[in-house]
file entry.cif (mmCIF, C-alpha atoms and all ligand atoms)
data_data
loop_
_atom_site.label_atom_id
_atom_site.label_comp_id
_atom_site.auth_asym_id
_atom_site.auth_seq_id
_atom_site.Cartn_x
_atom_site.Cartn_y
_atom_site.Cartn_z
CA MET A 1 -24.05 1.02 5.55
CA ARG A 2 -23.36 3.72 2.96
CA VAL A 3 -19.67 3.82 2.06
CA LEU A 4 -17.53 6.25 0.05
CA VAL A 5 -14.05 5.15 -1.10
CA LEU A 6 -11.51 7.86 -2.02
CA GLY A 7 -8.90 7.18 -4.68
CA SER A 8 -8.65 5.76 -8.18
CA GLY A 9 -6.08 2.96 -8.24
CA GLY A 10 -6.07 -0.82 -8.17
CA ARG A 11 -6.03 -0.70 -4.38
CA GLU A 12 -9.26 1.29 -4.41
CA HIS A 13 -10.82 -1.10 -6.93
CA ALA A 14 -9.90 -3.96 -4.57
CA LEU A 15 -11.41 -2.07 -1.61
CA ALA A 16 -14.57 -1.36 -3.60
CA ARG A 17 -14.81 -4.99 -4.68
CA ALA A 18 -14.48 -6.24 -1.10
CA LEU A 19 -17.01 -3.68 0.17
CA HIS A 20 -19.41 -4.58 -2.65
CA ARG A 21 -19.30 -8.21 -1.50
CA ASP A 22 -20.21 -7.20 2.06
CA PRO A 23 -24.00 -7.58 2.50
CA ALA A 24 -23.95 -4.80 5.12
CA VAL A 25 -23.02 -2.28 2.40
CA THR A 26 -26.24 -0.84 0.97
CA ALA A 27 -24.67 1.91 -1.13
CA LEU A 28 -21.15 2.16 -2.49
CA HIS A 29 -19.53 5.26 -3.98
CA CYS A 30 -16.03 6.14 -5.18
CA ALA A 31 -14.34 9.46 -5.78
CA PRO A 32 -13.00 9.69 -8.32
CA GLY A 33 -12.74 5.92 -8.86
CA ASN A 34 -11.94 4.42 -12.25
CA PRO A 35 -13.78 2.45 -14.95
CA GLY A 36 -13.31 -0.71 -12.83
CA THR A 37 -14.86 0.74 -9.67
CA ALA A 38 -17.78 1.98 -11.82
CA GLU A 39 -18.79 -1.67 -12.22
CA VAL A 40 -19.42 -2.05 -8.47
CA ALA A 41 -19.93 1.54 -7.26
CA VAL A 42 -21.08 4.99 -8.35
CA ASN A 43 -18.12 7.18 -9.33
CA HIS A 44 -18.07 10.89 -8.51
CA GLN A 45 -15.72 13.22 -10.36
CA ILE A 46 -14.47 15.32 -7.49
CA ASP A 47 -10.91 15.95 -6.35
CA PRO A 48 -10.41 13.59 -3.37
CA HIS A 49 -7.60 15.88 -2.08
CA ASP A 50 -10.06 18.75 -1.56
CA PRO A 51 -11.38 18.42 2.02
CA THR A 52 -14.33 20.75 1.38
CA ALA A 53 -15.42 18.85 -1.73
CA VAL A 54 -15.10 15.48 0.06
CA VAL A 55 -17.08 16.61 3.11
CA GLU A 56 -19.75 18.03 0.81
CA LEU A 57 -19.99 14.80 -1.20
CA ALA A 58 -19.99 12.54 1.88
CA GLY A 59 -22.75 14.70 3.39
CA ARG A 60 -24.80 14.65 0.19
CA LEU A 61 -24.50 10.84 0.03
CA SER A 62 -25.25 10.46 3.77
CA ALA A 63 -22.11 8.33 3.93
CA ASP A 64 -21.77 6.31 7.14
CA LEU A 65 -18.12 5.68 6.39
CA VAL A 66 -15.43 7.21 4.19
CA VAL A 67 -12.46 4.97 3.36
CA VAL A 68 -9.31 6.79 2.26
CA GLY A 69 -7.01 5.03 -0.18
CA PRO A 70 -4.00 7.26 -1.02
CA GLU A 71 -1.65 8.91 1.46
CA ALA A 72 -1.80 12.23 -0.41
CA VAL A 73 -5.49 12.48 0.50
CA LEU A 74 -4.61 11.98 4.18
CA VAL A 75 -1.82 14.55 3.98
CA ALA A 76 -4.31 17.02 2.46
CA GLY A 77 -6.24 16.83 5.75
CA VAL A 78 -9.32 15.02 4.44
CA GLY A 79 -9.51 12.75 7.51
CA ASP A 80 -9.39 15.79 9.82
CA ALA A 81 -12.13 17.58 7.86
CA LEU A 82 -14.43 14.55 7.80
CA ARG A 83 -14.09 13.93 11.54
CA GLU A 84 -14.68 17.63 12.24
CA ALA A 85 -17.89 17.32 10.23
CA GLY A 86 -18.89 14.28 12.31
CA ILE A 87 -18.43 11.79 9.45
CA ALA A 88 -16.74 8.47 10.25
CA CYS A 89 -13.46 8.15 8.37
CA PHE A 90 -11.12 5.21 7.97
CA GLY A 91 -7.76 6.95 7.59
CA PRO A 92 -5.65 8.98 10.03
CA ASP A 93 -5.55 12.73 10.52
CA ARG A 94 -2.84 14.63 8.69
CA ALA A 95 -0.63 14.81 11.78
CA ALA A 96 -0.74 11.05 12.40
CA ALA A 97 -0.18 10.32 8.69
CA ARG A 98 3.29 11.82 9.15
CA ILE A 99 4.26 8.31 10.24
CA GLU A 100 4.49 7.78 6.47
CA GLY A 101 5.13 11.32 5.23
CA SER A 102 8.22 11.94 7.33
CA LYS A 103 10.78 9.18 7.65
CA ALA A 104 12.45 11.21 10.43
CA PHE A 105 9.19 11.41 12.41
CA ALA A 106 8.64 7.67 11.95
CA LYS A 107 12.14 6.97 13.27
CA GLU A 108 11.56 9.19 16.28
CA VAL A 109 8.24 7.47 17.12
CA MET A 110 9.85 4.05 16.75
CA LYS A 111 12.69 5.05 19.02
CA ALA A 112 10.31 6.34 21.70
CA ALA A 113 8.14 3.21 21.41
CA GLY A 114 11.08 0.80 21.43
CA VAL A 115 10.17 -0.57 18.01
CA PRO A 116 12.99 -2.46 16.25
CA THR A 117 14.14 -0.69 13.09
CA ALA A 118 17.32 0.04 11.13
CA ALA A 119 19.82 2.36 12.82
CA ALA A 120 19.75 5.69 11.01
CA PHE A 121 21.02 9.25 10.76
CA VAL A 122 18.96 12.22 9.62
CA CYS A 123 21.19 14.36 7.36
CA GLU A 124 20.76 17.85 5.91
CA SER A 125 24.20 18.55 4.43
CA ALA A 126 26.74 16.80 2.22
CA PRO A 127 29.37 16.39 4.98
CA GLU A 128 26.77 14.86 7.32
CA THR A 129 25.64 12.56 4.53
CA GLN A 130 29.17 11.43 3.72
CA ALA A 131 29.89 10.65 7.34
CA ALA A 132 26.68 8.63 7.64
CA LEU A 133 27.34 6.68 4.43
CA ASP A 134 30.78 5.74 5.66
CA GLU A 135 29.48 4.79 9.09
CA TYR A 136 27.30 2.02 7.61
CA GLY A 137 29.16 1.20 4.37
CA PRO A 138 27.58 -0.42 1.32
CA PRO A 139 24.88 -1.26 0.36
CA TYR A 140 23.87 2.36 1.01
CA VAL A 141 20.25 3.19 1.89
CA VAL A 142 19.24 6.82 1.32
CA LYS A 143 15.64 7.93 1.92
CA ASP A 144 14.09 11.26 1.02
CA ASP A 145 12.46 12.62 4.18
CA GLY A 146 9.49 13.88 2.16
CA LEU A 147 6.47 11.95 0.96
CA ALA A 148 7.50 10.02 -2.13
CA ALA A 149 4.89 7.24 -2.35
CA GLY A 150 7.53 4.61 -1.67
CA LYS A 151 9.66 5.89 -4.52
CA GLY A 152 12.10 8.24 -2.76
CA VAL A 153 14.44 5.50 -1.61
CA VAL A 154 17.76 4.62 -3.21
CA VAL A 155 19.53 1.39 -2.26
CA THR A 156 22.88 1.13 -4.01
CA ASP A 157 26.47 -0.04 -3.71
CA ASP A 158 27.55 3.09 -5.59
CA ARG A 159 28.60 5.72 -3.04
CA ASP A 160 28.48 8.53 -5.63
CA ALA A 161 24.91 7.60 -6.59
CA ALA A 162 23.92 7.50 -2.91
CA LEU A 163 25.45 10.92 -2.35
CA ALA A 164 23.84 12.36 -5.50
CA HIS A 165 20.38 11.23 -4.33
CA ALA A 166 20.99 12.78 -0.91
CA VAL A 167 22.10 16.09 -2.42
CA ALA A 168 18.96 16.14 -4.61
CA CYS A 169 16.78 15.92 -1.47
CA GLU A 170 16.49 18.57 1.22
CA ARG A 171 16.69 16.17 4.12
CA VAL A 172 17.47 12.47 4.01
CA VAL A 173 17.51 9.51 6.35
CA ILE A 174 20.58 7.29 5.88
CA GLU A 175 20.19 3.84 7.34
CA GLU A 176 21.96 0.60 7.89
CA TYR A 177 21.06 -1.98 5.24
CA LEU A 178 18.57 -4.62 6.37
CA ASP A 179 19.24 -8.01 4.90
CA GLY A 180 16.38 -10.49 4.70
CA PRO A 181 12.99 -11.12 3.12
CA GLU A 182 10.45 -8.30 3.22
CA VAL A 183 6.91 -8.63 4.51
CA SER A 184 4.01 -6.17 4.39
CA LEU A 185 1.66 -6.39 7.35
CA PHE A 186 -1.49 -4.26 7.52
CA ALA A 187 -3.00 -3.57 10.94
CA LEU A 188 -6.45 -2.02 11.24
CA CYS A 189 -6.41 0.57 14.05
CA ASP A 190 -9.09 2.51 15.92
CA GLY A 191 -6.75 4.88 17.75
CA VAL A 192 -6.38 2.54 20.74
CA ASN A 193 -6.43 -1.05 19.51
CA ALA A 194 -5.29 -2.87 16.38
CA VAL A 195 -6.21 -6.02 14.47
CA PRO A 196 -3.85 -7.58 11.90
CA LEU A 197 -4.64 -8.69 8.37
CA MET A 198 -2.75 -11.49 6.63
CA PRO A 199 0.87 -10.69 5.72
CA ALA A 200 1.79 -10.35 2.05
CA GLN A 201 4.89 -9.80 -0.01
CA ASP A 202 5.30 -7.42 -2.92
CA PHE A 203 7.91 -7.02 -5.62
CA LYS A 204 9.11 -3.53 -6.38
CA ARG A 205 11.45 -3.85 -9.37
CA ALA A 206 9.93 -2.92 -12.71
CA TYR A 207 11.06 -5.86 -14.85
CA ASP A 208 10.96 -9.64 -14.79
CA GLY A 209 13.75 -11.32 -12.85
CA ASP A 210 13.61 -8.67 -10.07
CA ALA A 211 15.50 -6.28 -12.35
CA GLY A 212 15.04 -2.65 -13.30
CA PRO A 213 14.11 0.49 -11.40
CA ASN A 214 12.19 0.60 -8.11
CA THR A 215 8.42 1.10 -8.48
CA GLY A 216 5.40 1.31 -6.21
CA GLY A 217 5.02 -2.46 -6.58
CA MET A 218 4.65 -4.76 -9.59
CA GLY A 219 3.08 -7.83 -8.03
CA ALA A 220 2.18 -9.43 -4.71
CA TYR A 221 1.05 -12.66 -3.12
CA THR A 222 -0.43 -13.98 0.08
CA PRO A 223 -0.25 -16.05 2.24
CA LEU A 224 3.49 -16.42 2.89
CA PRO A 225 3.98 -20.15 3.37
CA TRP A 226 7.58 -19.59 4.50
CA ALA A 227 6.82 -17.01 7.20
CA PRO A 228 7.23 -18.04 10.84
CA PRO A 229 3.83 -19.01 12.29
CA ASP A 230 4.13 -16.53 15.17
CA LEU A 231 5.22 -13.62 12.94
CA VAL A 232 1.92 -11.73 13.01
CA GLU A 233 1.47 -11.91 16.76
CA GLU A 234 5.11 -10.94 17.32
CA VAL A 235 4.75 -7.90 15.06
CA MET A 236 1.51 -6.89 16.78
CA ARG A 237 3.26 -7.10 20.16
CA THR A 238 6.60 -5.51 19.30
CA VAL A 239 5.74 -3.11 16.48
CA VAL A 240 2.08 -2.26 15.92
CA GLN A 241 0.68 -1.92 19.44
CA PRO A 242 3.67 0.04 20.78
CA THR A 243 3.41 2.43 17.81
CA VAL A 244 -0.35 2.91 18.26
CA ASP A 245 0.25 3.50 21.99
CA GLU A 246 3.03 6.01 21.33
CA LEU A 247 0.94 7.98 18.82
CA ARG A 248 -1.97 8.03 21.25
CA ARG A 249 0.35 9.26 24.00
CA ARG A 250 1.29 12.13 21.67
CA ASP A 251 -2.40 12.91 21.17
CA LEU A 252 -2.26 11.67 17.57
CA PRO A 253 -4.72 8.77 17.77
CA TYR A 254 -4.10 6.52 14.80
CA VAL A 255 -7.30 5.56 12.97
CA GLY A 256 -6.88 3.61 9.76
CA VAL A 257 -4.44 1.06 8.46
CA LEU A 258 -0.92 1.03 9.81
CA TYR A 259 1.15 -0.65 7.13
CA ALA A 260 4.34 -2.07 8.56
CA GLY A 261 6.99 -2.76 5.93
CA LEU A 262 9.21 -5.31 7.64
CA ALA A 263 12.51 -7.04 7.00
CA LEU A 264 13.01 -10.45 8.59
CA THR A 265 16.71 -10.17 9.32
CA ALA A 266 19.06 -12.62 10.97
CA LYS A 267 18.78 -10.44 14.11
CA GLY A 268 14.98 -10.50 14.06
CA VAL A 269 12.11 -8.46 12.70
CA ARG A 270 12.95 -4.85 11.78
CA VAL A 271 10.66 -2.11 10.51
CA ILE A 272 11.78 -0.77 7.12
CA GLU A 273 9.02 1.80 6.94
CA PHE A 274 5.50 2.63 8.00
CA ASN A 275 2.77 3.69 5.63
CA ALA A 276 -0.49 5.30 6.65
CA ARG A 277 -2.53 3.51 3.99
CA PHE A 278 -3.12 0.14 2.42
CA GLY A 279 -0.25 -1.12 0.26
CA ASP A 280 -0.68 -1.34 -3.46
CA PRO A 281 -0.71 -4.10 -4.84
CA GLU A 282 -0.64 -6.13 -1.58
CA THR A 283 -4.20 -5.05 -0.75
CA GLN A 284 -5.42 -6.69 -3.93
CA VAL A 285 -4.34 -10.14 -2.70
CA VAL A 286 -5.01 -9.64 1.02
CA LEU A 287 -8.61 -8.53 0.48
CA ASP A 288 -9.11 -11.38 -1.97
CA ARG A 289 -8.47 -13.83 0.86
CA LEU A 290 -10.50 -11.96 3.50
CA ALA A 291 -13.67 -13.85 4.43
CA THR A 292 -14.73 -11.48 7.24
CA PRO A 293 -16.93 -8.69 5.83
CA LEU A 294 -14.75 -5.63 5.34
CA ALA A 295 -17.14 -2.74 6.01
CA GLY A 296 -17.81 -3.65 9.65
CA LEU A 297 -14.09 -3.92 10.36
CA LEU A 298 -13.28 -0.53 8.82
CA HIS A 299 -16.29 1.09 10.48
CA ALA A 300 -15.24 -0.25 13.89
CA CYS A 301 -11.85 1.41 13.36
CA ALA A 302 -13.45 4.71 12.35
CA ILE A 303 -15.84 4.92 15.32
CA GLY A 304 -13.71 3.12 17.93
CA GLY A 305 -14.33 -0.01 19.93
CA LEU A 306 -12.26 -2.48 17.92
CA ASP A 307 -11.80 -5.75 19.82
CA PRO A 308 -8.00 -6.29 19.95
CA ALA A 309 -8.53 -10.05 20.36
CA PHE A 310 -10.55 -10.30 17.14
CA ARG A 311 -8.84 -12.07 14.24
CA PRO A 312 -10.39 -12.01 10.74
CA VAL A 313 -11.33 -15.23 8.97
CA TRP A 314 -9.47 -16.09 5.77
CA HIS A 315 -10.30 -18.16 2.71
CA GLU A 316 -8.12 -21.20 2.17
CA GLY A 317 -5.67 -21.11 -0.72
CA ALA A 318 -3.55 -18.37 -2.26
CA ALA A 319 -3.83 -15.19 -4.31
CA VAL A 320 -1.24 -13.65 -6.62
CA THR A 321 -1.53 -10.34 -8.42
CA VAL A 322 0.45 -9.29 -11.46
CA VAL A 323 0.62 -5.60 -12.33
CA ILE A 324 0.40 -4.66 -15.98
CA ALA A 325 2.12 -1.31 -16.34
CA ALA A 326 2.22 1.21 -19.14
CA GLU A 327 5.07 1.38 -21.60
CA GLY A 328 7.74 3.60 -20.06
CA TYR A 329 6.70 3.02 -16.42
CA PRO A 330 7.98 4.15 -13.95
CA GLU A 331 9.82 7.10 -15.56
CA ASN A 332 7.49 8.15 -18.37
CA PRO A 333 4.37 6.03 -18.64
CA VAL A 334 2.65 6.32 -22.00
CA LYS A 335 -0.99 7.35 -21.69
CA GLY A 336 -3.73 6.73 -24.21
CA ASP A 337 -2.79 3.23 -25.43
CA GLU A 338 -5.77 0.99 -26.07
CA ILE A 339 -6.40 -1.96 -23.74
CA THR A 340 -8.13 -5.08 -25.05
CA GLY A 341 -8.71 -8.61 -23.79
CA LEU A 342 -10.20 -7.88 -20.34
CA ASP A 343 -13.22 -10.10 -20.99
CA GLU A 344 -10.99 -12.96 -22.13
CA ALA A 345 -8.81 -12.55 -19.03
CA ALA A 346 -11.83 -12.61 -16.73
CA GLN A 347 -12.94 -15.89 -18.30
CA VAL A 348 -9.85 -17.69 -17.01
CA PRO A 349 -11.20 -19.69 -14.04
CA GLY A 350 -9.96 -18.26 -10.74
CA ALA A 351 -8.81 -14.97 -12.29
CA TYR A 352 -10.19 -11.44 -12.39
CA VAL A 353 -8.90 -8.03 -13.36
CA LEU A 354 -8.76 -4.88 -11.23
CA GLN A 355 -8.29 -1.55 -12.91
CA ALA A 356 -5.85 1.18 -11.88
CA GLY A 357 -4.52 3.67 -14.45
CA THR A 358 -7.33 3.40 -16.99
CA ARG A 359 -9.97 5.66 -18.49
CA LEU A 360 -12.84 5.21 -20.91
CA GLU A 361 -13.10 7.11 -24.15
CA GLY A 362 -16.45 6.16 -25.58
CA ASP A 363 -16.36 2.39 -25.19
CA ARG A 364 -12.58 2.13 -25.63
CA LEU A 365 -10.52 1.50 -22.50
CA LEU A 366 -7.25 3.45 -22.53
CA THR A 367 -4.14 3.52 -20.35
CA ASN A 368 -4.11 6.57 -18.09
CA GLY A 369 -1.24 6.09 -15.66
CA GLY A 370 1.77 4.01 -14.68
CA ARG A 371 0.24 0.90 -13.21
CA VAL A 372 -2.68 0.13 -15.52
CA LEU A 373 -4.24 -3.16 -14.41
CA ASN A 374 -3.84 -5.77 -11.69
CA VAL A 375 -4.58 -9.30 -12.73
CA VAL A 376 -5.46 -11.41 -9.71
CA GLY A 377 -5.12 -15.18 -9.85
CA THR A 378 -6.38 -17.47 -7.12
CA GLY A 379 -5.97 -21.15 -6.43
CA PRO A 380 -5.37 -23.80 -3.83
CA ASP A 381 -1.68 -22.88 -3.63
CA GLN A 382 0.69 -20.13 -4.70
CA ALA A 383 1.98 -21.91 -7.81
CA THR A 384 -1.55 -22.41 -9.15
CA ALA A 385 -2.58 -18.87 -8.29
CA ARG A 386 0.51 -17.50 -10.02
CA ALA A 387 -0.03 -19.61 -13.16
CA THR A 388 -3.66 -18.45 -13.25
CA ALA A 389 -2.66 -14.79 -12.93
CA TYR A 390 -0.12 -15.07 -15.75
CA GLU A 391 -2.52 -17.03 -17.97
CA ALA A 392 -5.12 -14.28 -17.59
CA ALA A 393 -2.53 -11.50 -17.98
CA ALA A 394 -1.43 -13.02 -21.30
CA LYS A 395 -4.93 -12.40 -22.69
CA ILE A 396 -4.58 -8.67 -22.19
CA LYS A 397 -3.09 -6.55 -24.93
CA ILE A 398 -1.86 -3.01 -24.54
CA ARG A 399 -0.21 -1.47 -27.52
CA GLY A 400 3.45 -1.23 -26.45
CA ALA A 401 3.07 -2.71 -22.96
CA HIS A 402 5.98 -4.89 -22.01
CA HIS A 403 6.46 -4.57 -18.28
CA ARG A 404 5.26 -7.48 -16.23
CA SER A 405 5.98 -8.07 -12.58
CA ASP A 406 8.38 -10.66 -11.41
CA ILE A 407 6.77 -12.80 -8.80
CA ALA A 408 8.97 -15.83 -9.09
CA ARG A 409 10.40 -17.15 -5.89
P1 LIG B 1 10.71 2.34 1.78
O1 LIG B 1 10.06 3.45 0.98
O2 LIG B 1 11.32 2.82 3.02
O3 LIG B 1 9.81 1.16 1.91
O4 LIG B 1 11.83 1.72 0.87
C1 LIG B 1 11.55 1.14 -0.38
C2 LIG B 1 12.30 -0.14 -0.53
O5 LIG B 1 13.71 0.08 -0.36
C3 LIG B 1 11.94 -1.16 0.53
O6 LIG B 1 10.82 -1.91 0.21
C4 LIG B 1 13.19 -2.01 0.54
O7 LIG B 1 13.19 -2.93 -0.51
C5 LIG B 1 14.29 -1.02 0.33
N1 LIG B 1 14.83 -0.58 1.64
C6 LIG B 1 14.44 0.47 2.36
N2 LIG B 1 15.12 0.57 3.51
C7 LIG B 1 16.01 -0.44 3.52
C8 LIG B 1 17.03 -0.88 4.42
N3 LIG B 1 17.31 -0.22 5.55
N4 LIG B 1 17.72 -1.98 4.10
C9 LIG B 1 17.47 -2.65 2.94
N5 LIG B 1 16.53 -2.28 2.05
C10 LIG B 1 15.81 -1.19 2.31
N1 LIG B 2 3.50 -1.89 -2.42
C1 LIG B 2 4.20 -0.94 -1.67
C2 LIG B 2 3.44 0.25 -1.27
O1 LIG B 2 2.23 0.30 -1.39
O2 LIG B 2 4.08 1.19 -0.82
#

call {"tool": "encode", "arguments": {"input": "entry.cif", "output": "structure tokens", "more": "lines below"}}
Ligand code: AMP
Ligand code: GLY
result
Amino acid sequence: MRVLVLGSGGREHALARALHRDPAVTALHCAPGNPGTAEVAVNHQIDPHDPTAVVELAGRLSADLVVVGPEAVLVAGVGDALREAGIACFGPDRAAARIEGSKAFAKEVMKAAGVPTAAAFVCESAPETQAALDEYGPPYVVKDDGLAAGKGVVVTDDRDAALAHAVACERVVIEEYLDGPEVSLFALCDGVNAVPLMPAQDFKRAYDGDAGPNTGGMGAYTPLPWAPPDLVEEVMRTVVQPTVDELRRRDLPYVGVLYAGLALTAKGVRVIEFNARFGDPETQVVLDRLATPLAGLLHACAIGGLDPAFRPVWHEGAAVTVVIAAEGYPENPVKGDEITGLDEAAQVPGAYVLQAGTRLEGDRLLTNGGRVLNVVGTGPDQATARATAYEAAAKIKIRGAHHRSDIAR
């Protein structure tokens, strides 16, 4: 199978790594990829958001499957264009990707499908917003209705700050606060059926000790030894399948990964959000544990015929990833700092490094974005995997880098 992966982050490096390990994959390409994906695939410097350029590249490569990483690529209509051209694509059409892009649309689908989620108001004016904030009380949850890559959400006890965020957005969703541990569950969907991957947990605050501003995610681990054993099947039954069914009923067949961000509250499982893509950095740990070859699974989603009873096989043990971010992340990440120590990190037994915001200048590796590297540690249990990840991360030097994820529990 000839596969093209779109995107350039740590998630895409993890996808490329897992596809590279799959013996069914005979050719692997990334666009644009990064210096890490170049070690396992051929990178192509095209704009992945340009549907014409992607269709042209996929055609030129005779790709049997295109795997879309970022939501912005889906929103640009790349999935639609590929399918129109008769090329199998793992990733929903633009209209179905609104499950992530519009919080209001997601709420409406959940309501129609009977999926448990936080009660919410959609607000477009300050008086509406104030009434909604006072209805639920603190902590206030205010979500930008636009696509914000998981970064348009403010959770605060400060009513003025909540109101200020709402005023800065055109349309917001104000919700009741969900109290309880968060879980990310990825379901692979073919438009009709869905198959779950292993749940993971990520940590979104920028600094150690779960402090600092919200980010796209600073670290993750899987499995979740504390999660109820029937969690996955319950979520498939009450959340994923009803959502896939509802989208299909609306003629928006959902092909790709449906990422359910869940809160396990005292009242039961609630959906915090849906994403139309793999989570970053959860994918890095989930794919590390996946023993079932990835390409066949993704291809079955893209062409249809997924067996809903199928459950992937998982490696024993645990994986933890630690994100190394650029100085100034998330507000103003510094680009162009030199990265050293990758070889030393990779020599730590059970550890390896995935690249995200990096670029090569000659043979020097430089920072080129917010989240720079993901150090993955593996081991028989979470504590060992975590220690391994931090041991390897300590070998890496970035001039000025000081942000490390907090993955203590
Ligand atoms: P979202 O982009 O909707 O995932 O929100 C980002 C983060 O904000 C989530 O991962 C949660 O930590 C937090 N969050 C969002 N909605 C709620 C809610 N209703 N109650 C509590 N925390 C929330
Ligand atoms: N790690 C959270 C996300 O990908 O949105």

call {"tool": "closest_residue", "arguments": {"input": "entry.cif", "among": "A:Val286, A:Ile99, A:Ala393, A:Ala18", "to": "Phe186 in chain A", "atoms": "only C-alpha atoms"}}
result
A:Val286

call {"tool": "residues_near_ligand", "arguments": {"input": "entry.cif", "ligand": "ligand LIG 1 (chain B)", "cutoff": "9 Å", "atoms": "all atoms listed in the file", "output": "PDB file with C-alpha atoms, keeping the file's coordinate frame"}}
result
ATOM      1  CA  GLU A 100       4.490   7.780   6.470  1.00  0.00           C
ATOM      2  CA  LYS A 103      10.780   9.180   7.650  1.00  0.00           C
ATOM      3  CA  THR A 117      14.140  -0.690  13.090  1.00  0.00           C
ATOM      4  CA  ALA A 118      17.320   0.040  11.130  1.00  0.00           C
ATOM      5  CA  ALA A 119      19.820   2.360  12.820  1.00  0.00           C
ATOM      6  CA  ALA A 120      19.750   5.690  11.010  1.00  0.00           C
ATOM      7  CA  PRO A 139      24.880  -1.260   0.360  1.00  0.00           C
ATOM      8  CA  TYR A 140      23.870   2.360   1.010  1.00  0.00           C
ATOM      9  CA  VAL A 141      20.250   3.190   1.890  1.00  0.00           C
ATOM     10  CA  VAL A 142      19.240   6.820   1.320  1.00  0.00           C
ATOM     11  CA  LYS A 143      15.640   7.930   1.920  1.00  0.00           C
ATOM     12  CA  ASP A 144      14.090  11.260   1.020  1.00  0.00           C
ATOM     13  CA  ALA A 148       7.500  10.020  -2.130  1.00  0.00           C
ATOM     14  CA  ALA A 149       4.890   7.240  -2.350  1.00  0.00           C
ATOM     15  CA  GLY A 150       7.530   4.610  -1.670  1.00  0.00           C
ATOM     16  CA  LYS A 151       9.660   5.890  -4.520  1.00  0.00           C
ATOM     17  CA  GLY A 152      12.100   8.240  -2.760  1.00  0.00           C
ATOM     18  CA  VAL A 153      14.440   5.500  -1.610  1.00  0.00           C
ATOM     19  CA  VAL A 154      17.760   4.620  -3.210  1.00  0.00           C
ATOM     20  CA  VAL A 155      19.530   1.390  -2.260  1.00  0.00           C
ATOM     21  CA  ILE A 174      20.580   7.290   5.880  1.00  0.00           C
ATOM     22  CA  GLU A 175      20.190   3.840   7.340  1.00  0.00           C
ATOM     23  CA  GLU A 176      21.960   0.600   7.890  1.00  0.00           C
ATOM     24  CA  TYR A 177      21.060  -1.980   5.240  1.00  0.00           C
ATOM     25  CA  LEU A 178      18.570  -4.620   6.370  1.00  0.00           C
ATOM     26  CA  ASP A 179      19.240  -8.010   4.900  1.00  0.00           C
ATOM     27  CA  GLY A 180      16.380 -10.490   4.700  1.00  0.00           C
ATOM     28  CA  PRO A 181      12.990 -11.120   3.120  1.00  0.00           C
ATOM     29  CA  GLU A 182      10.450  -8.300   3.220  1.00  0.00           C
ATOM     30  CA  VAL A 183       6.910  -8.630   4.510  1.00  0.00           C
ATOM     31  CA  ASP A 202       5.300  -7.420  -2.920  1.00  0.00           C
ATOM     32  CA  PHE A 203       7.910  -7.020  -5.620  1.00  0.00           C
ATOM     33  CA  LYS A 204       9.110  -3.530  -6.380  1.00  0.00           C
ATOM     34  CA  ASN A 214      12.190   0.600  -8.110  1.00  0.00           C
ATOM     35  CA  THR A 215       8.420   1.100  -8.480  1.00  0.00           C
ATOM     36  CA  GLY A 216       5.400   1.310  -6.210  1.00  0.00           C
ATOM     37  CA  GLY A 217       5.020  -2.460  -6.580  1.00  0.00           C
ATOM     38  CA  GLY A 261       6.990  -2.760   5.930  1.00  0.00           C
ATOM     39  CA  LEU A 262       9.210  -5.310   7.640  1.00  0.00           C
ATOM     40  CA  ALA A 263      12.510  -7.040   7.000  1.00  0.00           C
ATOM     41  CA  ARG A 270      12.950  -4.850  11.780  1.00  0.00           C
ATOM     42  CA  VAL A 271      10.660  -2.110  10.510  1.00  0.00           C
ATOM     43  CA  ILE A 272      11.780  -0.770   7.120  1.00  0.00           C
ATOM     44  CA  GLU A 273       9.020   1.800   6.940  1.00  0.00           C
ATOM     45  CA  PHE A 274       5.500   2.630   8.000  1.00  0.00           C
ATOM     46  CA  ASN A 275       2.770   3.690   5.630  1.00  0.00           C
TER      47      ASN A 275
END

call {"tool": "residues_near_point", "arguments": {"input": "entry.cif", "point": "(-5.2, 5.7, -17.2)", "cutoff": "6 Å", "atoms": "all atoms listed in the file", "output": "PyMOL selection string"}}
result
chain A and resi 357-359+367-369

call {"tool": "closest_residue", "arguments": {"input": "entry.cif", "among": "A:Ala194, A:Val334, A:Cys169, A:Ala276", "to": "ligand LIG 2 (chain B)", "atoms": "only C-alpha atoms and all ligand atoms"}}
result
A:Ala276

call {"tool": "closest_residue", "arguments": {"input": "entry.cif", "among": "A:Arg171, A:Arg249, A:Arg21, A:Arg371", "to": "ligand LIG 2 (chain B)", "atoms": "all atoms listed in the file"}}
result
A:Arg371

call {"tool": "closest_residue", "arguments": {"input": "entry.cif", "among": "A:Thr129, A:Asn374, A:Thr52, A:Gln355", "to": "Ala162 in chain A", "atoms": "all atoms listed in the file"}}
result
A:Thr129

call {"tool": "atom_distance", "arguments": {"input": "entry.cif", "atom1": "CA of Leu74 in chain A", "atom2": "CA of Ala200 in chain A"}}
result
23.3 Å

call {"tool": "atom_distance", "arguments": {"input": "entry.cif", "atom1": "CA of Ala104 in chain A", "atom2": "CA of Leu82 in chain A"}}
result
27.2 Å

call {"tool": "residues_around", "arguments": {"input": "entry.cif", "residues": "Tyr390 in chain A", "least_positions_apart": "2", "cutoff": "10 Å", "atoms": "all atoms listed in the file", "output": "list in words"}}
result
Val320, Thr321, Val322, Ala345, Ala351, Val375, Val376, Gly377, Thr384, Ala385, Arg386, Ala387, Thr388, Ala392, Ala393, Ala394, Lys395, Arg404 and Ser405 of chain A

call {"tool": "closest_residue", "arguments": {"input": "entry.cif", "among": "A:Phe310, A:Phe90, A:Tyr352, A:Phe278", "to": "ligand LIG 2 (chain B)", "atoms": "all atoms listed in the file"}}
result
A:Phe278
